[in-house]
Amino acid sequence: MMSTPSFNHDEFFTGEQQKQLSELMNLWRAARDRGKTLSPKQQAELESLMAR
């Protein structure tokens with residue numbers, strides 16, 4: 001059985017923001033594991049979401 005994450009809003013993030021944060025964190029982890037970094041645009045998006 002496979003479950004898909006539910007991106008419902010909460011008091012901090014809308015559903016769309018939660019989805020975007022999840023995608024960016026997955027990209028960040030993959031880049032980190034390869035010894036790389038996110039693109040400047042992706043890093044800025046991630047930092048913007050985390051600053052909320």
# chains A, B, ... in the order shown; residues from 1 in each chain; ligands from 1
$ residues_around --residues "A:Leu49" --least-positions-apart "2" --cutoff "10 Å" --atoms "only C-alpha atoms" --output "PDB file with N, CA, C and O atoms, in the first residue's frame"
ATOM      1  N   PHE A  12       0.234  27.646   9.745  1.00  0.00           N
ATOM      2  CA  PHE A  12       1.469  28.237   9.240  1.00  0.00           C
ATOM      3  C   PHE A  12       1.544  28.309   7.713  1.00  0.00           C
ATOM      4  O   PHE A  12       2.097  29.248   7.159  1.00  0.00           O
ATOM      5  N   PHE A  13       1.032  27.281   7.033  1.00  0.00           N
ATOM      6  CA  PHE A  13       1.185  27.182   5.581  1.00  0.00           C
ATOM      7  C   PHE A  13      -0.130  26.805   4.913  1.00  0.00           C
ATOM      8  O   PHE A  13      -0.898  26.008   5.443  1.00  0.00           O
ATOM      9  N   GLN A  17       1.615  25.896  -0.206  1.00  0.00           N
ATOM     10  CA  GLN A  17       2.918  26.164   0.406  1.00  0.00           C
ATOM     11  C   GLN A  17       3.513  24.897   1.013  1.00  0.00           C
ATOM     12  O   GLN A  17       4.719  24.667   0.919  1.00  0.00           O
ATOM     13  N   GLN A  18       2.679  24.072   1.632  1.00  0.00           N
ATOM     14  CA  GLN A  18       3.161  22.810   2.190  1.00  0.00           C
ATOM     15  C   GLN A  18       3.705  21.903   1.090  1.00  0.00           C
ATOM     16  O   GLN A  18       4.751  21.270   1.259  1.00  0.00           O
ATOM     17  N   GLN A  20       4.894  22.880  -1.846  1.00  0.00           N
ATOM     18  CA  GLN A  20       6.123  23.495  -2.339  1.00  0.00           C
ATOM     19  C   GLN A  20       7.272  23.248  -1.366  1.00  0.00           C
ATOM     20  O   GLN A  20       8.385  22.900  -1.776  1.00  0.00           O
ATOM     21  N   LEU A  21       7.015  23.393  -0.064  1.00  0.00           N
ATOM     22  CA  LEU A  21       8.047  23.159   0.941  1.00  0.00           C
ATOM     23  C   LEU A  21       8.528  21.715   0.909  1.00  0.00           C
ATOM     24  O   LEU A  21       9.724  21.448   0.947  1.00  0.00           O
ATOM     25  N   LEU A  24      10.693  21.221  -2.236  1.00  0.00           N
ATOM     26  CA  LEU A  24      11.994  21.869  -2.095  1.00  0.00           C
ATOM     27  C   LEU A  24      12.881  21.138  -1.086  1.00  0.00           C
ATOM     28  O   LEU A  24      14.089  21.008  -1.297  1.00  0.00           O
ATOM     29  N   GLN A  43      16.844  27.896  -3.638  1.00  0.00           N
ATOM     30  CA  GLN A  43      17.287  28.231  -2.287  1.00  0.00           C
ATOM     31  C   GLN A  43      16.519  29.439  -1.757  1.00  0.00           C
ATOM     32  O   GLN A  43      16.094  29.450  -0.602  1.00  0.00           O
ATOM     33  N   ALA A  44      16.311  30.435  -2.600  1.00  0.00           N
ATOM     34  CA  ALA A  44      15.561  31.622  -2.192  1.00  0.00           C
ATOM     35  C   ALA A  44      14.105  31.264  -1.866  1.00  0.00           C
ATOM     36  O   ALA A  44      13.553  31.766  -0.880  1.00  0.00           O
ATOM     37  N   GLU A  45      13.496  30.391  -2.667  1.00  0.00           N
ATOM     38  CA  GLU A  45      12.130  29.956  -2.405  1.00  0.00           C
ATOM     39  C   GLU A  45      12.042  29.231  -1.065  1.00  0.00           C
ATOM     40  O   GLU A  45      11.130  29.466  -0.274  1.00  0.00           O
ATOM     41  N   LEU A  46      12.999  28.329  -0.822  1.00  0.00           N
ATOM     42  CA  LEU A  46      13.017  27.569   0.427  1.00  0.00           C
ATOM     43  C   LEU A  46      13.187  28.512   1.617  1.00  0.00           C
ATOM     44  O   LEU A  46      12.459  28.408   2.607  1.00  0.00           O
ATOM     45  N   GLU A  47      14.126  29.428   1.512  1.00  0.00           N
ATOM     46  CA  GLU A  47      14.356  30.371   2.609  1.00  0.00           C
ATOM     47  C   GLU A  47      13.136  31.254   2.850  1.00  0.00           C
ATOM     48  O   GLU A  47      12.807  31.555   3.998  1.00  0.00           O
ATOM     49  N   ALA A  51      11.044  31.312   6.418  1.00  0.00           N
ATOM     50  CA  ALA A  51      11.028  32.548   7.199  1.00  0.00           C
ATOM     51  C   ALA A  51       9.641  32.937   7.664  1.00  0.00           C
ATOM     52  O   ALA A  51       9.478  33.883   8.423  1.00  0.00           O
ATOM     53  N   ARG A  52       8.636  32.228   7.240  1.00  0.00           N
ATOM     54  CA  ARG A  52       7.251  32.573   7.606  1.00  0.00           C
ATOM     55  C   ARG A  52       6.970  32.236   9.038  1.00  0.00           C
ATOM     56  O   ARG A  52       7.369  31.397   9.648  1.00  0.00           O
TER      57      ARG A  52
END
$ residues_around --residues "A:Leu38" --least-positions-apart "5" --cutoff "8 Å" --atoms "only C-alpha atoms" --output "list in words"
Leu27, Trp28, Ala31 and Gln43 of chain A
$ write_last_selection --atoms "all heavy atoms" --output "tab-separated table (two decimals), in the first residue's frame"
chain	number	residue	atom	x	y	z
A	27	LEU	N	14.31	18.14	-2.81
A	27	LEU	CA	15.40	18.55	-3.69
A	27	LEU	C	16.65	18.90	-2.89
A	27	LEU	O	17.76	18.56	-3.28
A	27	LEU	CB	14.97	19.75	-4.55
A	27	LEU	CG	13.93	19.48	-5.63
A	27	LEU	CD1	13.44	20.79	-6.22
A	27	LEU	CD2	14.50	18.58	-6.71
A	28	TRP	N	16.46	19.60	-1.77
A	28	TRP	CA	17.58	19.99	-0.92
A	28	TRP	C	18.31	18.75	-0.38
A	28	TRP	O	19.53	18.67	-0.42
A	28	TRP	CB	17.09	20.87	0.23
A	28	TRP	CG	18.19	21.24	1.18
A	28	TRP	CD1	19.08	22.26	1.03
A	28	TRP	CD2	18.53	20.58	2.39
A	28	TRP	NE1	19.95	22.28	2.09
A	28	TRP	CE2	19.64	21.25	2.94
A	28	TRP	CE3	18.01	19.48	3.07
A	28	TRP	CZ2	20.22	20.86	4.14
A	28	TRP	CZ3	18.60	19.09	4.26
A	28	TRP	CH2	19.70	19.79	4.78
A	31	ALA	N	20.23	17.08	-3.19
A	31	ALA	CA	21.43	17.86	-3.52
A	31	ALA	C	22.48	17.67	-2.44
A	31	ALA	O	23.67	17.44	-2.74
A	31	ALA	CB	21.07	19.33	-3.67
A	43	GLN	N	16.84	27.90	-3.64
A	43	GLN	CA	17.29	28.23	-2.29
A	43	GLN	C	16.52	29.44	-1.76
A	43	GLN	O	16.09	29.45	-0.60
A	43	GLN	CB	18.79	28.51	-2.27
A	43	GLN	CG	19.36	28.72	-0.87
A	43	GLN	CD	19.28	27.49	0.01
A	43	GLN	OE1	19.52	26.37	-0.45
A	43	GLN	NE2	18.95	27.70	1.27
$ select_by_dssp --residues "chain A" --states "alpha helix (DSSP H)" --output "MDAnalysis selection string"
chainID A and resid 15:33 40:50
$ write_last_selection --atoms "N, CA and C atoms" --output "PDB file, in the first residue's frame"
ATOM      1  N   GLY A  15      -2.063  24.829   1.795  1.00  0.00           N
ATOM      2  CA  GLY A  15      -1.801  23.520   1.198  1.00  0.00           C
ATOM      3  C   GLY A  15      -0.754  23.608   0.097  1.00  0.00           C
ATOM      4  N   GLU A  16      -0.840  24.646  -0.729  1.00  0.00           N
ATOM      5  CA  GLU A  16       0.129  24.834  -1.820  1.00  0.00           C
ATOM      6  C   GLU A  16       1.522  25.101  -1.265  1.00  0.00           C
ATOM      7  N   GLN A  17       1.615  25.896  -0.206  1.00  0.00           N
ATOM      8  CA  GLN A  17       2.918  26.164   0.406  1.00  0.00           C
ATOM      9  C   GLN A  17       3.513  24.897   1.013  1.00  0.00           C
ATOM     10  N   GLN A  18       2.679  24.072   1.632  1.00  0.00           N
ATOM     11  CA  GLN A  18       3.161  22.810   2.190  1.00  0.00           C
ATOM     12  C   GLN A  18       3.705  21.903   1.090  1.00  0.00           C
ATOM     13  N   LYS A  19       3.003  21.851  -0.031  1.00  0.00           N
ATOM     14  CA  LYS A  19       3.455  21.045  -1.164  1.00  0.00           C
ATOM     15  C   LYS A  19       4.790  21.565  -1.681  1.00  0.00           C
ATOM     16  N   GLN A  20       4.894  22.880  -1.846  1.00  0.00           N
ATOM     17  CA  GLN A  20       6.123  23.495  -2.339  1.00  0.00           C
ATOM     18  C   GLN A  20       7.272  23.248  -1.366  1.00  0.00           C
ATOM     19  N   LEU A  21       7.015  23.393  -0.064  1.00  0.00           N
ATOM     20  CA  LEU A  21       8.047  23.159   0.941  1.00  0.00           C
ATOM     21  C   LEU A  21       8.528  21.715   0.909  1.00  0.00           C
ATOM     22  N   SER A  22       7.602  20.790   0.788  1.00  0.00           N
ATOM     23  CA  SER A  22       7.957  19.374   0.714  1.00  0.00           C
ATOM     24  C   SER A  22       8.829  19.081  -0.513  1.00  0.00           C
ATOM     25  N   GLU A  23       8.436  19.621  -1.654  1.00  0.00           N
ATOM     26  CA  GLU A  23       9.212  19.405  -2.884  1.00  0.00           C
ATOM     27  C   GLU A  23      10.612  20.002  -2.780  1.00  0.00           C
ATOM     28  N   LEU A  24      10.693  21.221  -2.236  1.00  0.00           N
ATOM     29  CA  LEU A  24      11.994  21.869  -2.095  1.00  0.00           C
ATOM     30  C   LEU A  24      12.881  21.138  -1.086  1.00  0.00           C
ATOM     31  N   MET A  25      12.296  20.653  -0.006  1.00  0.00           N
ATOM     32  CA  MET A  25      13.088  19.907   0.980  1.00  0.00           C
ATOM     33  C   MET A  25      13.605  18.598   0.376  1.00  0.00           C
ATOM     34  N   ASN A  26      12.795  17.941  -0.448  1.00  0.00           N
ATOM     35  CA  ASN A  26      13.264  16.725  -1.124  1.00  0.00           C
ATOM     36  C   ASN A  26      14.417  17.034  -2.066  1.00  0.00           C
ATOM     37  N   LEU A  27      14.306  18.139  -2.807  1.00  0.00           N
ATOM     38  CA  LEU A  27      15.396  18.553  -3.694  1.00  0.00           C
ATOM     39  C   LEU A  27      16.646  18.903  -2.892  1.00  0.00           C
ATOM     40  N   TRP A  28      16.460  19.602  -1.770  1.00  0.00           N
ATOM     41  CA  TRP A  28      17.584  19.986  -0.920  1.00  0.00           C
ATOM     42  C   TRP A  28      18.310  18.752  -0.385  1.00  0.00           C
ATOM     43  N   ARG A  29      17.538  17.763   0.101  1.00  0.00           N
ATOM     44  CA  ARG A  29      18.157  16.533   0.621  1.00  0.00           C
ATOM     45  C   ARG A  29      18.923  15.790  -0.469  1.00  0.00           C
ATOM     46  N   ALA A  30      18.337  15.707  -1.649  1.00  0.00           N
ATOM     47  CA  ALA A  30      18.999  15.021  -2.763  1.00  0.00           C
ATOM     48  C   ALA A  30      20.288  15.750  -3.144  1.00  0.00           C
ATOM     49  N   ALA A  31      20.234  17.078  -3.194  1.00  0.00           N
ATOM     50  CA  ALA A  31      21.427  17.856  -3.519  1.00  0.00           C
ATOM     51  C   ALA A  31      22.483  17.666  -2.438  1.00  0.00           C
ATOM     52  N   ARG A  32      22.092  17.743  -1.187  1.00  0.00           N
ATOM     53  CA  ARG A  32      23.022  17.560  -0.064  1.00  0.00           C
ATOM     54  C   ARG A  32      23.696  16.204  -0.135  1.00  0.00           C
ATOM     55  N   ASP A  33      22.921  15.167  -0.430  1.00  0.00           N
ATOM     56  CA  ASP A  33      23.466  13.810  -0.485  1.00  0.00           C
ATOM     57  C   ASP A  33      24.479  13.646  -1.617  1.00  0.00           C
ATOM     58  N   PRO A  40      20.129  28.927  -7.014  1.00  0.00           N
ATOM     59  CA  PRO A  40      19.831  30.134  -6.234  1.00  0.00           C
ATOM     60  C   PRO A  40      18.329  30.422  -6.121  1.00  0.00           C
ATOM     61  N   LYS A  41      17.582  30.177  -7.193  1.00  0.00           N
ATOM     62  CA  LYS A  41      16.135  30.404  -7.161  1.00  0.00           C
ATOM     63  C   LYS A  41      15.451  29.459  -6.171  1.00  0.00           C
ATOM     64  N   GLN A  42      15.816  28.164  -6.232  1.00  0.00           N
ATOM     65  CA  GLN A  42      15.219  27.195  -5.316  1.00  0.00           C
ATOM     66  C   GLN A  42      15.594  27.513  -3.866  1.00  0.00           C
ATOM     67  N   GLN A  43      16.844  27.896  -3.638  1.00  0.00           N
ATOM     68  CA  GLN A  43      17.287  28.231  -2.287  1.00  0.00           C
ATOM     69  C   GLN A  43      16.519  29.439  -1.757  1.00  0.00           C
ATOM     70  N   ALA A  44      16.311  30.435  -2.600  1.00  0.00           N
ATOM     71  CA  ALA A  44      15.561  31.622  -2.192  1.00  0.00           C
ATOM     72  C   ALA A  44      14.105  31.264  -1.866  1.00  0.00           C
ATOM     73  N   GLU A  45      13.496  30.391  -2.667  1.00  0.00           N
ATOM     74  CA  GLU A  45      12.130  29.956  -2.405  1.00  0.00           C
ATOM     75  C   GLU A  45      12.042  29.231  -1.065  1.00  0.00           C
ATOM     76  N   LEU A  46      12.999  28.329  -0.822  1.00  0.00           N
ATOM     77  CA  LEU A  46      13.017  27.569   0.427  1.00  0.00           C
ATOM     78  C   LEU A  46      13.187  28.512   1.617  1.00  0.00           C
ATOM     79  N   GLU A  47      14.126  29.428   1.512  1.00  0.00           N
ATOM     80  CA  GLU A  47      14.356  30.371   2.609  1.00  0.00           C
ATOM     81  C   GLU A  47      13.136  31.254   2.850  1.00  0.00           C
ATOM     82  N   SER A  48      12.453  31.641   1.788  1.00  0.00           N
ATOM     83  CA  SER A  48      11.252  32.451   1.927  1.00  0.00           C
ATOM     84  C   SER A  48      10.158  31.702   2.671  1.00  0.00           C
ATOM     85  N   LEU A  49       9.980  30.446   2.346  1.00  0.00           N
ATOM     86  CA  LEU A  49       8.970  29.637   3.037  1.00  0.00           C
ATOM     87  C   LEU A  49       9.353  29.404   4.492  1.00  0.00           C
ATOM     88  N   MET A  50      10.615  29.180   4.761  1.00  0.00           N
ATOM     89  CA  MET A  50      11.064  28.893   6.122  1.00  0.00           C
ATOM     90  C   MET A  50      11.003  30.136   7.009  1.00  0.00           C
TER      91      MET A  50
END
$ decode --residues "chain A" --atoms "C-alpha atoms" --output "PDB file, in the first residue's frame"
ATOM      1  CA  MET A   1       0.000   0.000   0.000  1.00  0.00           C
ATOM      2  CA  MET A   2       1.268   3.442  -0.858  1.00  0.00           C
ATOM      3  CA  SER A   3       0.070   6.633   0.712  1.00  0.00           C
ATOM      4  CA  THR A   4       0.339  10.084  -0.711  1.00  0.00           C
ATOM      5  CA  PRO A   5       0.913  13.033   1.577  1.00  0.00           C
ATOM      6  CA  SER A   6      -2.007  15.265   2.297  1.00  0.00           C
ATOM      7  CA  PHE A   7      -1.240  18.917   1.772  1.00  0.00           C
ATOM      8  CA  ASN A   8      -3.976  20.495   3.848  1.00  0.00           C
ATOM      9  CA  HIS A   9      -3.475  23.974   5.185  1.00  0.00           C
ATOM     10  CA  ASP A  10      -2.549  24.576   8.791  1.00  0.00           C
ATOM     11  CA  GLU A  11      -1.927  27.672  10.887  1.00  0.00           C
ATOM     12  CA  PHE A  12       1.469  28.237   9.240  1.00  0.00           C
ATOM     13  CA  PHE A  13       1.185  27.182   5.581  1.00  0.00           C
ATOM     14  CA  THR A  14      -1.456  26.895   2.905  1.00  0.00           C
ATOM     15  CA  GLY A  15      -1.801  23.520   1.198  1.00  0.00           C
ATOM     16  CA  GLU A  16       0.129  24.834  -1.820  1.00  0.00           C
ATOM     17  CA  GLN A  17       2.918  26.164   0.406  1.00  0.00           C
ATOM     18  CA  GLN A  18       3.161  22.810   2.190  1.00  0.00           C
ATOM     19  CA  LYS A  19       3.455  21.045  -1.164  1.00  0.00           C
ATOM     20  CA  GLN A  20       6.123  23.495  -2.339  1.00  0.00           C
ATOM     21  CA  LEU A  21       8.047  23.159   0.941  1.00  0.00           C
ATOM     22  CA  SER A  22       7.957  19.374   0.714  1.00  0.00           C
ATOM     23  CA  GLU A  23       9.212  19.405  -2.884  1.00  0.00           C
ATOM     24  CA  LEU A  24      11.994  21.869  -2.095  1.00  0.00           C
ATOM     25  CA  MET A  25      13.088  19.907   0.980  1.00  0.00           C
ATOM     26  CA  ASN A  26      13.264  16.725  -1.124  1.00  0.00           C
ATOM     27  CA  LEU A  27      15.396  18.553  -3.694  1.00  0.00           C
ATOM     28  CA  TRP A  28      17.584  19.986  -0.920  1.00  0.00           C
ATOM     29  CA  ARG A  29      18.157  16.533   0.621  1.00  0.00           C
ATOM     30  CA  ALA A  30      18.999  15.021  -2.763  1.00  0.00           C
ATOM     31  CA  ALA A  31      21.427  17.856  -3.519  1.00  0.00           C
ATOM     32  CA  ARG A  32      23.022  17.560  -0.064  1.00  0.00           C
ATOM     33  CA  ASP A  33      23.466  13.810  -0.485  1.00  0.00           C
ATOM     34  CA  ARG A  34      25.326  14.451  -3.766  1.00  0.00           C
ATOM     35  CA  GLY A  35      27.454  17.200  -2.231  1.00  0.00           C
ATOM     36  CA  LYS A  36      25.624  19.853  -4.259  1.00  0.00           C
ATOM     37  CA  THR A  37      23.396  22.816  -3.481  1.00  0.00           C
ATOM     38  CA  LEU A  38      20.043  24.023  -4.730  1.00  0.00           C
ATOM     39  CA  SER A  39      19.885  26.546  -7.518  1.00  0.00           C
ATOM     40  CA  PRO A  40      19.831  30.134  -6.234  1.00  0.00           C
ATOM     41  CA  LYS A  41      16.135  30.404  -7.161  1.00  0.00           C
ATOM     42  CA  GLN A  42      15.219  27.195  -5.316  1.00  0.00           C
ATOM     43  CA  GLN A  43      17.287  28.231  -2.287  1.00  0.00           C
ATOM     44  CA  ALA A  44      15.561  31.622  -2.192  1.00  0.00           C
ATOM     45  CA  GLU A  45      12.130  29.956  -2.405  1.00  0.00           C
ATOM     46  CA  LEU A  46      13.017  27.569   0.427  1.00  0.00           C
ATOM     47  CA  GLU A  47      14.356  30.371   2.609  1.00  0.00           C
ATOM     48  CA  SER A  48      11.252  32.451   1.927  1.00  0.00           C
ATOM     49  CA  LEU A  49       8.970  29.637   3.037  1.00  0.00           C
ATOM     50  CA  MET A  50      11.064  28.893   6.122  1.00  0.00           C
ATOM     51  CA  ALA A  51      11.028  32.548   7.199  1.00  0.00           C
ATOM     52  CA  ARG A  52       7.251  32.573   7.606  1.00  0.00           C
TER      53      ARG A  52
END
